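Trainee: Data file input07.pdb (PDB, C-alpha atoms) is appended below.
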ATOM      1  CA  MET A   3      61.817 206.784 179.552  1.00  0.00           C
ATOM      2  CA  ASN A   4      63.951 203.850 178.464  1.00  0.00           C
ATOM      3  CA  LYS A   5      64.108 204.261 174.670  1.00  0.00           C
ATOM      4  CA  LYS A   6      65.426 200.754 174.091  1.00  0.00           C
ATOM      5  CA  ALA A   7      62.611 199.193 176.124  1.00  0.00           C
ATOM      6  CA  ILE A   8      60.005 201.428 174.493  1.00  0.00           C
ATOM      7  CA  ASP A   9      61.129 200.340 171.031  1.00  0.00           C
ATOM      8  CA  GLN A  10      61.089 196.694 172.114  1.00  0.00           C
ATOM      9  CA  TYR A  11      57.504 196.856 173.311  1.00  0.00           C
ATOM     10  CA  ARG A  12      56.344 198.910 170.349  1.00  0.00           C
ATOM     11  CA  TYR A  13      57.621 196.056 168.197  1.00  0.00           C
ATOM     12  CA  PHE A  14      54.967 193.850 169.790  1.00  0.00           C
ATOM     13  CA  LEU A  15      52.285 196.090 168.272  1.00  0.00           C
ATOM     14  CA  LYS A  16      53.674 195.691 164.756  1.00  0.00           C
ATOM     15  CA  ASP A  17      53.298 192.645 162.534  1.00  0.00           C
ATOM     16  CA  ASN A  18      56.938 192.322 161.510  1.00  0.00           C
ATOM     17  CA  VAL A  19      57.178 189.118 163.505  1.00  0.00           C
ATOM     18  CA  ARG A  20      54.961 187.371 160.955  1.00  0.00           C
ATOM     19  CA  MET A  21      57.706 187.719 158.345  1.00  0.00           C
ATOM     20  CA  THR A  22      60.122 185.766 160.549  1.00  0.00           C
ATOM     21  CA  ILE A  23      57.955 182.660 160.953  1.00  0.00           C
ATOM     22  CA  ASP A  24      58.093 179.548 158.820  1.00  0.00           C
ATOM     23  CA  PHE A  25      54.403 178.700 158.949  1.00  0.00           C
ATOM     24  CA  TYR A  26      55.101 175.273 157.463  1.00  0.00           C
ATOM     25  CA  GLN A  27      56.665 174.454 160.838  1.00  0.00           C
ATOM     26  CA  THR A  28      53.724 175.416 163.054  1.00  0.00           C
ATOM     27  CA  ASP A  29      52.135 172.621 165.043  1.00  0.00           C
ATOM     28  CA  GLN A  30      49.060 172.869 162.831  1.00  0.00           C
ATOM     29  CA  ASN A  31      51.038 172.320 159.626  1.00  0.00           C
ATOM     30  CA  ARG A  32      53.121 169.574 161.228  1.00  0.00           C
ATOM     31  CA  GLY A  33      49.911 167.645 161.776  1.00  0.00           C
ATOM     32  CA  LYS A  34      49.627 167.978 165.551  1.00  0.00           C
ATOM     33  CA  LYS A  35      46.137 167.623 166.964  1.00  0.00           C
ATOM     34  CA  PRO A  36      44.486 170.996 167.655  1.00  0.00           C
ATOM     35  CA  PRO A  37      43.879 171.918 171.287  1.00  0.00           C
ATOM     36  CA  ALA A  38      40.357 171.600 172.655  1.00  0.00           C
ATOM     37  CA  ILE A  39      38.269 174.763 172.523  1.00  0.00           C
ATOM     38  CA  GLU A  40      36.931 174.219 176.041  1.00  0.00           C
ATOM     39  CA  LYS A  41      38.634 172.956 179.181  1.00  0.00           C
ATOM     40  CA  PRO A  42      37.402 169.562 180.394  1.00  0.00           C
ATOM     41  CA  VAL A  43      34.780 169.172 183.101  1.00  0.00           C
ATOM     42  CA  HIS A  44      34.942 166.526 185.823  1.00  0.00           C
ATOM     43  CA  ALA A  45      31.990 164.151 185.977  1.00  0.00           C
ATOM     44  CA  ASP A  46      31.068 165.179 189.537  1.00  0.00           C
ATOM     45  CA  SER A  47      31.177 168.922 188.854  1.00  0.00           C
ATOM     46  CA  ARG A  48      28.305 171.199 189.833  1.00  0.00           C
ATOM     47  CA  ILE A  49      26.731 172.513 186.625  1.00  0.00           C
ATOM     48  CA  ILE A  50      24.195 175.335 186.340  1.00  0.00           C
ATOM     49  CA  GLU A  51      22.000 175.284 183.256  1.00  0.00           C
ATOM     50  CA  LEU A  52      21.588 178.667 181.547  1.00  0.00           C
ATOM     51  CA  LYS A  53      18.537 179.703 179.597  1.00  0.00           C
ATOM     52  CA  PRO A  54      19.132 180.094 175.841  1.00  0.00           C
ATOM     53  CA  VAL A  55      19.059 183.722 174.786  1.00  0.00           C
ATOM     54  CA  ASN A  56      16.256 183.197 172.259  1.00  0.00           C
ATOM     55  CA  THR A  57      13.920 181.986 175.043  1.00  0.00           C
ATOM     56  CA  MET A  58      14.429 184.918 177.410  1.00  0.00           C
ATOM     57  CA  GLN A  59      11.420 187.187 177.935  1.00  0.00           C
ATOM     58  CA  ASN A  60      12.976 189.728 180.314  1.00  0.00           C
ATOM     59  CA  ILE A  61      15.981 191.000 178.350  1.00  0.00           C
ATOM     60  CA  PRO A  62      14.870 194.327 176.836  1.00  0.00           C
ATOM     61  CA  ASP A  63      15.501 195.222 173.227  1.00  0.00           C
ATOM     62  CA  MET A  64      17.942 198.041 172.525  1.00  0.00           C
ATOM     63  CA  ASP A  65      19.005 199.212 169.097  1.00  0.00           C
ATOM     64  CA  LEU A  66      22.718 199.079 168.349  1.00  0.00           C
ATOM     65  CA  ALA A  67      23.101 202.831 167.815  1.00  0.00           C
ATOM     66  CA  THR A  68      21.689 203.525 171.286  1.00  0.00           C
ATOM     67  CA  ALA A  69      23.947 200.929 172.917  1.00  0.00           C
ATOM     68  CA  ILE A  70      27.013 202.368 171.192  1.00  0.00           C
ATOM     69  CA  GLY A  71      26.006 205.941 172.025  1.00  0.00           C
ATOM     70  CA  ASN A  72      25.437 205.133 175.706  1.00  0.00           C
ATOM     71  CA  ARG A  73      28.573 203.033 176.148  1.00  0.00           C
ATOM     72  CA  ARG A  74      30.998 204.274 178.774  1.00  0.00           C
ATOM     73  CA  SER A  75      33.131 202.895 181.584  1.00  0.00           C
ATOM     74  CA  ARG A  76      31.102 202.746 184.784  1.00  0.00           C
ATOM     75  CA  ARG A  77      32.586 202.107 188.219  1.00  0.00           C
ATOM     76  CA  LYS A  78      29.604 202.868 190.477  1.00  0.00           C
ATOM     77  CA  TYR A  79      26.929 200.198 190.802  1.00  0.00           C
ATOM     78  CA  LEU A  80      23.605 199.915 192.580  1.00  0.00           C
ATOM     79  CA  GLN A  81      23.380 197.479 195.480  1.00  0.00           C
ATOM     80  CA  GLN A  82      21.099 195.283 193.423  1.00  0.00           C
ATOM     81  CA  PRO A  83      21.666 191.683 192.363  1.00  0.00           C
ATOM     82  CA  LEU A  84      21.910 190.591 188.766  1.00  0.00           C
ATOM     83  CA  THR A  85      19.600 187.797 187.670  1.00  0.00           C
ATOM     84  CA  LEU A  86      20.705 184.475 186.249  1.00  0.00           C
ATOM     85  CA  ASP A  87      19.003 185.374 182.961  1.00  0.00           C
ATOM     86  CA  GLU A  88      21.062 188.561 182.766  1.00  0.00           C
ATOM     87  CA  ILE A  89      24.240 186.595 183.434  1.00  0.00           C
ATOM     88  CA  SER A  90      23.222 184.130 180.721  1.00  0.00           C
ATOM     89  CA  PHE A  91      22.718 186.979 178.250  1.00  0.00           C
ATOM     90  CA  LEU A  92      26.077 188.589 179.077  1.00  0.00           C
ATOM     91  CA  LEU A  93      27.970 185.303 178.805  1.00  0.00           C
ATOM     92  CA  TRP A  94      26.386 184.522 175.456  1.00  0.00           C
ATOM     93  CA  SER A  95      27.274 188.036 174.281  1.00  0.00           C
ATOM     94  CA  VAL A  96      30.979 187.680 175.071  1.00  0.00           C
ATOM     95  CA  GLN A  97      31.719 184.037 174.208  1.00  0.00           C
ATOM     96  CA  GLY A  98      28.516 182.375 173.064  1.00  0.00           C
ATOM     97  CA  VAL A  99      28.727 179.683 170.392  1.00  0.00           C
ATOM     98  CA  ARG A 100      26.610 180.196 167.281  1.00  0.00           C
ATOM     99  CA  LYS A 101      27.714 176.971 165.607  1.00  0.00           C
ATOM    100  CA  GLN A 102      30.248 174.272 166.453  1.00  0.00           C
ATOM    101  CA  ILE A 103      32.062 172.978 163.380  1.00  0.00           C
ATOM    102  CA  ASP A 104      34.204 170.283 165.022  1.00  0.00           C
ATOM    103  CA  ASP A 105      36.152 169.603 168.225  1.00  0.00           C
ATOM    104  CA  ALA A 106      38.580 172.414 167.427  1.00  0.00           C
ATOM    105  CA  THR A 107      36.400 175.051 165.762  1.00  0.00           C
ATOM    106  CA  ALA A 108      33.306 176.983 166.765  1.00  0.00           C
ATOM    107  CA  TYR A 109      31.792 180.206 165.448  1.00  0.00           C
ATOM    108  CA  ARG A 110      31.003 182.589 168.294  1.00  0.00           C
ATOM    109  CA  THR A 111      29.401 185.942 168.968  1.00  0.00           C
ATOM    110  CA  VAL A 112      32.830 187.632 168.810  1.00  0.00           C
ATOM    111  CA  PRO A 113      35.566 187.436 166.151  1.00  0.00           C
ATOM    112  CA  SER A 114      38.889 185.731 166.787  1.00  0.00           C
ATOM    113  CA  ALA A 115      42.036 185.399 164.682  1.00  0.00           C
ATOM    114  CA  GLY A 116      41.747 182.170 162.711  1.00  0.00           C
ATOM    115  CA  CYS A 117      38.636 181.282 164.748  1.00  0.00           C
ATOM    116  CA  ARG A 118      40.989 180.090 167.480  1.00  0.00           C
ATOM    117  CA  HIS A 119      39.249 181.664 170.525  1.00  0.00           C
ATOM    118  CA  SER A 120      41.944 181.279 173.156  1.00  0.00           C
ATOM    119  CA  PHE A 121      39.876 182.513 176.112  1.00  0.00           C
ATOM    120  CA  GLU A 122      38.152 180.943 179.078  1.00  0.00           C
ATOM    121  CA  THR A 123      35.558 183.117 180.856  1.00  0.00           C
ATOM    122  CA  TYR A 124      35.397 183.045 184.649  1.00  0.00           C
ATOM    123  CA  LEU A 125      32.970 184.843 186.941  1.00  0.00           C
ATOM    124  CA  CYS A 126      33.661 186.119 190.426  1.00  0.00           C
ATOM    125  CA  VAL A 127      30.089 186.093 191.730  1.00  0.00           C
ATOM    126  CA  LEU A 128      29.245 188.249 194.737  1.00  0.00           C
ATOM    127  CA  ASN A 129      25.552 189.071 194.265  1.00  0.00           C
ATOM    128  CA  VAL A 130      23.663 187.137 191.596  1.00  0.00           C
ATOM    129  CA  SER A 131      20.173 185.772 192.300  1.00  0.00           C
ATOM    130  CA  GLY A 132      20.245 181.985 192.405  1.00  0.00           C
ATOM    131  CA  LEU A 133      24.031 181.658 192.635  1.00  0.00           C
ATOM    132  CA  GLU A 134      26.145 181.381 195.758  1.00  0.00           C
ATOM    133  CA  LYS A 135      29.257 183.482 196.081  1.00  0.00           C
ATOM    134  CA  GLY A 136      32.202 181.918 194.346  1.00  0.00           C
ATOM    135  CA  ILE A 137      34.260 181.449 191.224  1.00  0.00           C
ATOM    136  CA  TYR A 138      32.508 180.009 188.177  1.00  0.00           C
ATOM    137  CA  ARG A 139      33.597 179.100 184.654  1.00  0.00           C
ATOM    138  CA  TYR A 140      31.478 179.453 181.536  1.00  0.00           C
ATOM    139  CA  LEU A 141      31.040 176.371 179.363  1.00  0.00           C
ATOM    140  CA  PRO A 142      30.227 177.935 175.996  1.00  0.00           C
ATOM    141  CA  LEU A 143      29.689 174.715 174.037  1.00  0.00           C
ATOM    142  CA  GLY A 144      26.669 173.829 176.153  1.00  0.00           C
ATOM    143  CA  HIS A 145      25.860 177.352 177.422  1.00  0.00           C
ATOM    144  CA  LYS A 146      26.263 176.329 181.060  1.00  0.00           C
ATOM    145  CA  LEU A 147      28.065 177.513 184.178  1.00  0.00           C
ATOM    146  CA  LEU A 148      30.496 175.389 186.143  1.00  0.00           C
ATOM    147  CA  PHE A 149      30.918 176.120 189.847  1.00  0.00           C
ATOM    148  CA  GLU A 150      34.671 176.038 190.476  1.00  0.00           C
ATOM    149  CA  HIS A 151      35.097 176.909 194.163  1.00  0.00           C
ATOM    150  CA  THR A 152      34.357 179.501 196.805  1.00  0.00           C
ATOM    151  CA  GLU A 153      36.699 181.588 198.934  1.00  0.00           C
ATOM    152  CA  ASP A 154      36.501 183.358 202.281  1.00  0.00           C
ATOM    153  CA  ASN A 155      36.476 187.166 201.987  1.00  0.00           C
ATOM    154  CA  LEU A 156      35.955 186.941 198.239  1.00  0.00           C
ATOM    155  CA  GLU A 157      35.202 190.676 197.987  1.00  0.00           C
ATOM    156  CA  ASN A 158      38.570 191.512 199.546  1.00  0.00           C
ATOM    157  CA  ARG A 159      40.395 188.887 197.492  1.00  0.00           C
ATOM    158  CA  ILE A 160      39.195 190.296 194.180  1.00  0.00           C
ATOM    159  CA  VAL A 161      39.997 193.880 195.220  1.00  0.00           C
ATOM    160  CA  GLU A 162      43.474 192.868 196.364  1.00  0.00           C
ATOM    161  CA  ALA A 163      44.078 191.028 193.099  1.00  0.00           C
ATOM    162  CA  ALA A 164      42.968 194.155 191.219  1.00  0.00           C
ATOM    163  CA  LEU A 165      45.617 196.272 192.958  1.00  0.00           C
ATOM    164  CA  GLY A 166      43.136 197.815 195.373  1.00  0.00           C
ATOM    165  CA  GLN A 167      40.525 198.997 192.869  1.00  0.00           C
ATOM    166  CA  PRO A 168      37.486 198.964 195.192  1.00  0.00           C
ATOM    167  CA  PHE A 169      34.679 198.833 192.622  1.00  0.00           C
ATOM    168  CA  LEU A 170      35.429 195.175 191.863  1.00  0.00           C
ATOM    169  CA  GLY A 171      34.483 194.316 195.446  1.00  0.00           C
ATOM    170  CA  ARG A 172      31.189 196.199 195.103  1.00  0.00           C
ATOM    171  CA  ALA A 173      30.142 194.754 191.738  1.00  0.00           C
ATOM    172  CA  PRO A 174      27.671 191.845 191.791  1.00  0.00           C
ATOM    173  CA  VAL A 175      29.889 189.970 189.337  1.00  0.00           C
ATOM    174  CA  SER A 176      33.280 190.381 187.717  1.00  0.00           C
ATOM    175  CA  PHE A 177      34.092 188.794 184.384  1.00  0.00           C
ATOM    176  CA  ILE A 178      37.663 187.481 184.284  1.00  0.00           C
ATOM    177  CA  TRP A 179      39.130 186.219 181.044  1.00  0.00           C
ATOM    178  CA  THR A 180      42.070 183.880 180.919  1.00  0.00           C
ATOM    179  CA  THR A 181      43.919 182.840 177.814  1.00  0.00           C
ATOM    180  CA  VAL A 182      45.083 179.362 176.925  1.00  0.00           C
ATOM    181  CA  PRO A 183      47.756 180.653 174.525  1.00  0.00           C
ATOM    182  CA  TYR A 184      48.526 177.347 172.840  1.00  0.00           C
ATOM    183  CA  ARG A 185      45.094 177.454 171.200  1.00  0.00           C
ATOM    184  CA  MET A 186      46.414 180.375 169.154  1.00  0.00           C
ATOM    185  CA  GLU A 187      50.099 179.326 169.065  1.00  0.00           C
ATOM    186  CA  TRP A 188      49.122 176.002 167.464  1.00  0.00           C
ATOM    187  CA  ARG A 189      48.324 177.965 164.295  1.00  0.00           C
ATOM    188  CA  TYR A 190      50.364 181.173 164.541  1.00  0.00           C
ATOM    189  CA  ASP A 191      53.484 180.349 166.577  1.00  0.00           C
ATOM    190  CA  ILE A 192      54.945 183.559 168.077  1.00  0.00           C
ATOM    191  CA  ALA A 193      52.609 185.722 165.986  1.00  0.00           C
ATOM    192  CA  ALA A 194      49.829 184.458 168.283  1.00  0.00           C
ATOM    193  CA  HIS A 195      50.377 186.834 171.155  1.00  0.00           C
ATOM    194  CA  LYS A 196      49.493 190.111 169.483  1.00  0.00           C
ATOM    195  CA  VAL A 197      46.200 188.723 168.179  1.00  0.00           C
ATOM    196  CA  ILE A 198      45.321 187.249 171.591  1.00  0.00           C
ATOM    197  CA  ALA A 199      45.509 190.796 172.957  1.00  0.00           C
ATOM    198  CA  ILE A 200      43.414 192.118 170.070  1.00  0.00           C
ATOM    199  CA  ASP A 201      40.808 189.396 170.612  1.00  0.00           C
ATOM    200  CA  ALA A 202      40.454 190.435 174.265  1.00  0.00           C
ATOM    201  CA  GLY A 203      39.267 193.839 173.078  1.00  0.00           C
ATOM    202  CA  HIS A 204      36.598 192.247 170.893  1.00  0.00           C
ATOM    203  CA  VAL A 205      35.261 190.286 173.854  1.00  0.00           C
ATOM    204  CA  CYS A 206      35.147 193.175 176.309  1.00  0.00           C
ATOM    205  CA  GLN A 207      33.507 195.563 173.860  1.00  0.00           C
ATOM    206  CA  ASN A 208      30.654 193.088 173.443  1.00  0.00           C
ATOM    207  CA  LEU A 209      30.277 193.081 177.232  1.00  0.00           C
ATOM    208  CA  TYR A 210      30.050 196.884 177.276  1.00  0.00           C
ATOM    209  CA  LEU A 211      27.277 196.894 174.685  1.00  0.00           C
ATOM    210  CA  ALA A 212      25.358 194.005 176.238  1.00  0.00           C
ATOM    211  CA  CYS A 213      25.484 195.723 179.633  1.00  0.00           C
ATOM    212  CA  GLU A 214      23.765 198.788 178.177  1.00  0.00           C
ATOM    213  CA  ALA A 215      20.850 196.594 177.098  1.00  0.00           C
ATOM    214  CA  ILE A 216      20.154 195.454 180.684  1.00  0.00           C
ATOM    215  CA  LYS A 217      20.740 198.860 182.340  1.00  0.00           C
ATOM    216  CA  ALA A 218      24.052 197.717 183.734  1.00  0.00           C
ATOM    217  CA  GLY A 219      27.571 199.037 183.423  1.00  0.00           C
ATOM    218  CA  THR A 220      31.094 197.723 183.254  1.00  0.00           C
ATOM    219  CA  CYS A 221      34.656 198.963 183.248  1.00  0.00           C
ATOM    220  CA  ALA A 222      37.524 197.151 181.545  1.00  0.00           C
ATOM    221  CA  VAL A 223      40.394 196.407 183.942  1.00  0.00           C
ATOM    222  CA  ALA A 224      43.872 195.600 182.657  1.00  0.00           C
ATOM    223  CA  ALA A 225      45.783 196.480 185.854  1.00  0.00           C
ATOM    224  CA  TYR A 226      46.013 193.592 188.310  1.00  0.00           C
ATOM    225  CA  ASN A 227      48.435 191.444 190.263  1.00  0.00           C
ATOM    226  CA  GLN A 228      49.026 188.544 187.890  1.00  0.00           C
ATOM    227  CA  ASP A 229      49.986 186.031 190.569  1.00  0.00           C
ATOM    228  CA  LEU A 230      47.088 186.880 192.900  1.00  0.00           C
ATOM    229  CA  ILE A 231      44.371 186.750 190.255  1.00  0.00           C
ATOM    230  CA  ASP A 232      45.717 183.527 188.751  1.00  0.00           C
ATOM    231  CA  ARG A 233      45.811 181.962 192.215  1.00  0.00           C
ATOM    232  CA  LEU A 234      42.255 183.117 192.899  1.00  0.00           C
ATOM    233  CA  LEU A 235      41.115 181.300 189.750  1.00  0.00           C
ATOM    234  CA  LYS A 236      43.408 178.329 190.472  1.00  0.00           C
ATOM    235  CA  VAL A 237      45.043 178.464 187.023  1.00  0.00           C
ATOM    236  CA  ASP A 238      48.708 177.659 186.547  1.00  0.00           C
ATOM    237  CA  GLY A 239      49.882 181.049 185.275  1.00  0.00           C
ATOM    238  CA  GLY A 240      51.788 179.469 182.380  1.00  0.00           C
ATOM    239  CA  GLU A 241      49.577 177.390 180.115  1.00  0.00           C
ATOM    240  CA  GLU A 242      46.597 179.453 181.272  1.00  0.00           C
ATOM    241  CA  PHE A 243      46.658 182.926 182.811  1.00  0.00           C
ATOM    242  CA  THR A 244      44.462 185.969 183.318  1.00  0.00           C
ATOM    243  CA  ILE A 245      44.498 188.585 180.566  1.00  0.00           C
ATOM    244  CA  TYR A 246      41.518 190.925 181.236  1.00  0.00           C
ATOM    245  CA  MET A 247      38.816 191.711 183.813  1.00  0.00           C
ATOM    246  CA  ALA A 248      35.542 193.644 183.898  1.00  0.00           C
ATOM    247  CA  PRO A 249      33.169 194.101 186.848  1.00  0.00           C
ATOM    248  CA  VAL A 250      29.440 194.426 186.090  1.00  0.00           C
ATOM    249  CA  GLY A 251      26.607 195.961 188.065  1.00  0.00           C
ATOM    250  CA  LYS A 252      23.308 197.789 187.673  1.00  0.00           C
ATOM    251  CA  VAL A 253      23.581 201.556 187.185  1.00  0.00           C
TER     252      VAL A 253
END
Could you quickly redo this structure as structure tokens?

Mentor:
Amino acid sequence: MNKKAIDQYRYFLKDNVRMTIDFYQTDQNRGKKPPAIEKPVHADSRIIELKPVNTMQNIPDMDLATAIGNRRSRRKYLQQPLTLDEISFLLWSVQGVRKQIDDATAYRTVPSAGCRHSFETYLCVLNVSGLEKGIYRYLPLGHKLLFEHTEDNLENRIVEAALGQPFLGRAPVSFIWTTVPYRMEWRYDIAAHKVIAIDAGHVCQNLYLACEAIKAGTCAVAAYNQDLIDRLLKVDGGEEFTIYMAPVGKV
């Protein structure tokens, strides 16, 4: 092991960096406009309306203790499609908006440092009733899905991007989270990056628990080819890039 490199990367886990920042010089305190909390949508985009969670009749109740007790990483899925209502419930669970305060702030179903919420949620859909195969993006402010594009051999593309992990190609859907880091950097400068990583854990844990409620399973994936997965989503890899993945299927 390279002791110097180990110490360098352990430093990332500490909060010493906060003591080196002049927070009066952050873009927020210099009066710069905050970044939007949702990427823009073109007027001619294909939008799929999602049913609000409080109107769903087919999402079973499960007490929190049971969901926590049953939670585990699951890599084997039934060859059974997920429904659009189930997708709606899972999306609301991981990034749903409870209340929008203004153009830069919204309270969600998961916590985030400074309420900055740097993530965009994409879906790689392979087998969801009512949706064609393709890449979709969640629009949390309106609780809608945006169809981004489709790809030939999408099952193989997602497996290749996940360094050959085959269960992503067998899952009906894979959740893929990107970060737009400036949303957090605007407030926290270089202290932003640790809390972005922490926030990703909040999001994925909600997915685990929500999956238990619909008799589905997931498995957090942090090993992937950065360039391939960013290209699959058509994000630039700089101002927006993939940070976490999780396939979902019935178990």

Trainee: Which residues come within 12 Å of Gly219 (chain A), counting only C-alpha atoms, excluding same-chain residues fewer than 3 positions away, as a PyMOL selection string?

Mentor: chain A and resi 69+72-80+84+92+169+173-176+206-207+209-216+222+248-253

Trainee: In Å, how far is it from CA of Tyr109 (chain A) to CA of Leu52 (chain A)?

Mentor: 19.1 Å

Trainee: Set out as a tab-separated table a contact list for region 177-232 of chain A and region 13-34 of chain A with a cut-off of 10 Å, giving each residue of region 177-232 of chain A that qualifies its closest atom pair and distance in Å to one decimal, counting only C-alpha atoms, ordered by chain and rising residue number.

Mentor:
residue	atom	partner	partner_atom	distance
A:Tyr184	CA	A:Asp29	CA	9.8
A:Glu187	CA	A:Thr28	CA	8.0
A:Trp188	CA	A:Asp29	CA	5.1
A:Arg189	CA	A:Gln30	CA	5.4
A:Tyr190	CA	A:Thr28	CA	6.8
A:Asp191	CA	A:Thr28	CA	6.1
A:Ile192	CA	A:Val19	CA	7.5
A:Ala193	CA	A:Arg20	CA	5.8
A:Ala194	CA	A:Arg20	CA	9.4
A:His195	CA	A:Phe14	CA	8.5
A:Lys196	CA	A:Phe14	CA	6.6
A:Val197	CA	A:Leu15	CA	9.6
A:Ala199	CA	A:Leu15	CA	9.8
A:Ile200	CA	A:Leu15	CA	9.9

Trainee: Could those residues be written to a file, using C-alpha atoms, as a PDB file, keeping the file's coordinate frame?

Mentor:
ATOM      1  CA  TYR A 184      48.526 177.347 172.840  1.00  0.00           C
ATOM      2  CA  GLU A 187      50.099 179.326 169.065  1.00  0.00           C
ATOM      3  CA  TRP A 188      49.122 176.002 167.464  1.00  0.00           C
ATOM      4  CA  ARG A 189      48.324 177.965 164.295  1.00  0.00           C
ATOM      5  CA  TYR A 190      50.364 181.173 164.541  1.00  0.00           C
ATOM      6  CA  ASP A 191      53.484 180.349 166.577  1.00  0.00           C
ATOM      7  CA  ILE A 192      54.945 183.559 168.077  1.00  0.00           C
ATOM      8  CA  ALA A 193      52.609 185.722 165.986  1.00  0.00           C
ATOM      9  CA  ALA A 194      49.829 184.458 168.283  1.00  0.00           C
ATOM     10  CA  HIS A 195      50.377 186.834 171.155  1.00  0.00           C
ATOM     11  CA  LYS A 196      49.493 190.111 169.483  1.00  0.00           C
ATOM     12  CA  VAL A 197      46.200 188.723 168.179  1.00  0.00           C
ATOM     13  CA  ALA A 199      45.509 190.796 172.957  1.00  0.00           C
ATOM     14  CA  ILE A 200      43.414 192.118 170.070  1.00  0.00           C
TER      15      ILE A 200
END

Trainee: Between A:Cys221, A:Val237, A:Ile61, A:Ile245, which residue has the minimum interatomic distance to Glu150 (chain A), considering all atoms listed in the file?

Mentor: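 Ranked by minimum distance to Glu150 (chain A), first place goes to A:Val237.
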
Trainee: Looking at A:Leu128, A:Glu51, A:Pro62, A:Met186, which one is nearest to Ala115 (chain A), with distances taken over all atoms listed in the file?

Mentor: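 Using all atoms listed in the file, the shortest distance to Ala115 (chain A) belongs to A:Met186.
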
Trainee: Which of these, A:Val96, A:Ala163, A:Val55, A:Cys117, has the shortest distance to Ile198 (chain A) once you count all atoms listed in the file?

Mentor: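 Nearest candidate to Ile198 (chain A) out of A:Val96, A:Ala163, A:Val55, A:Cys117: A:Cys117.
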
Trainee: Quick one: of A:Ile50, A:Leu141, A:Met64, A:Leu234, who's nearest to Val99 (chain A), counting all atoms listed in the file?

Mentor: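 Smallest separation from Val99 (chain A) among the options: A:Leu141.
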
Trainee: What's the separation between CA of Leu86 (chain A) and CA of Gly132 (chain A), in Å to one decimal place?

Mentor: 6.7 Å

Trainee: Do a neighbour search on Val43 (chain A) at 12 Å with all atoms listed in the file, toss out local chain neighbours closer than 2 positions, and write the hits as an NGL selection string.

Mentor: :A and (40-41 or 45-49 or 139-141 or 143-144 or 146-150)
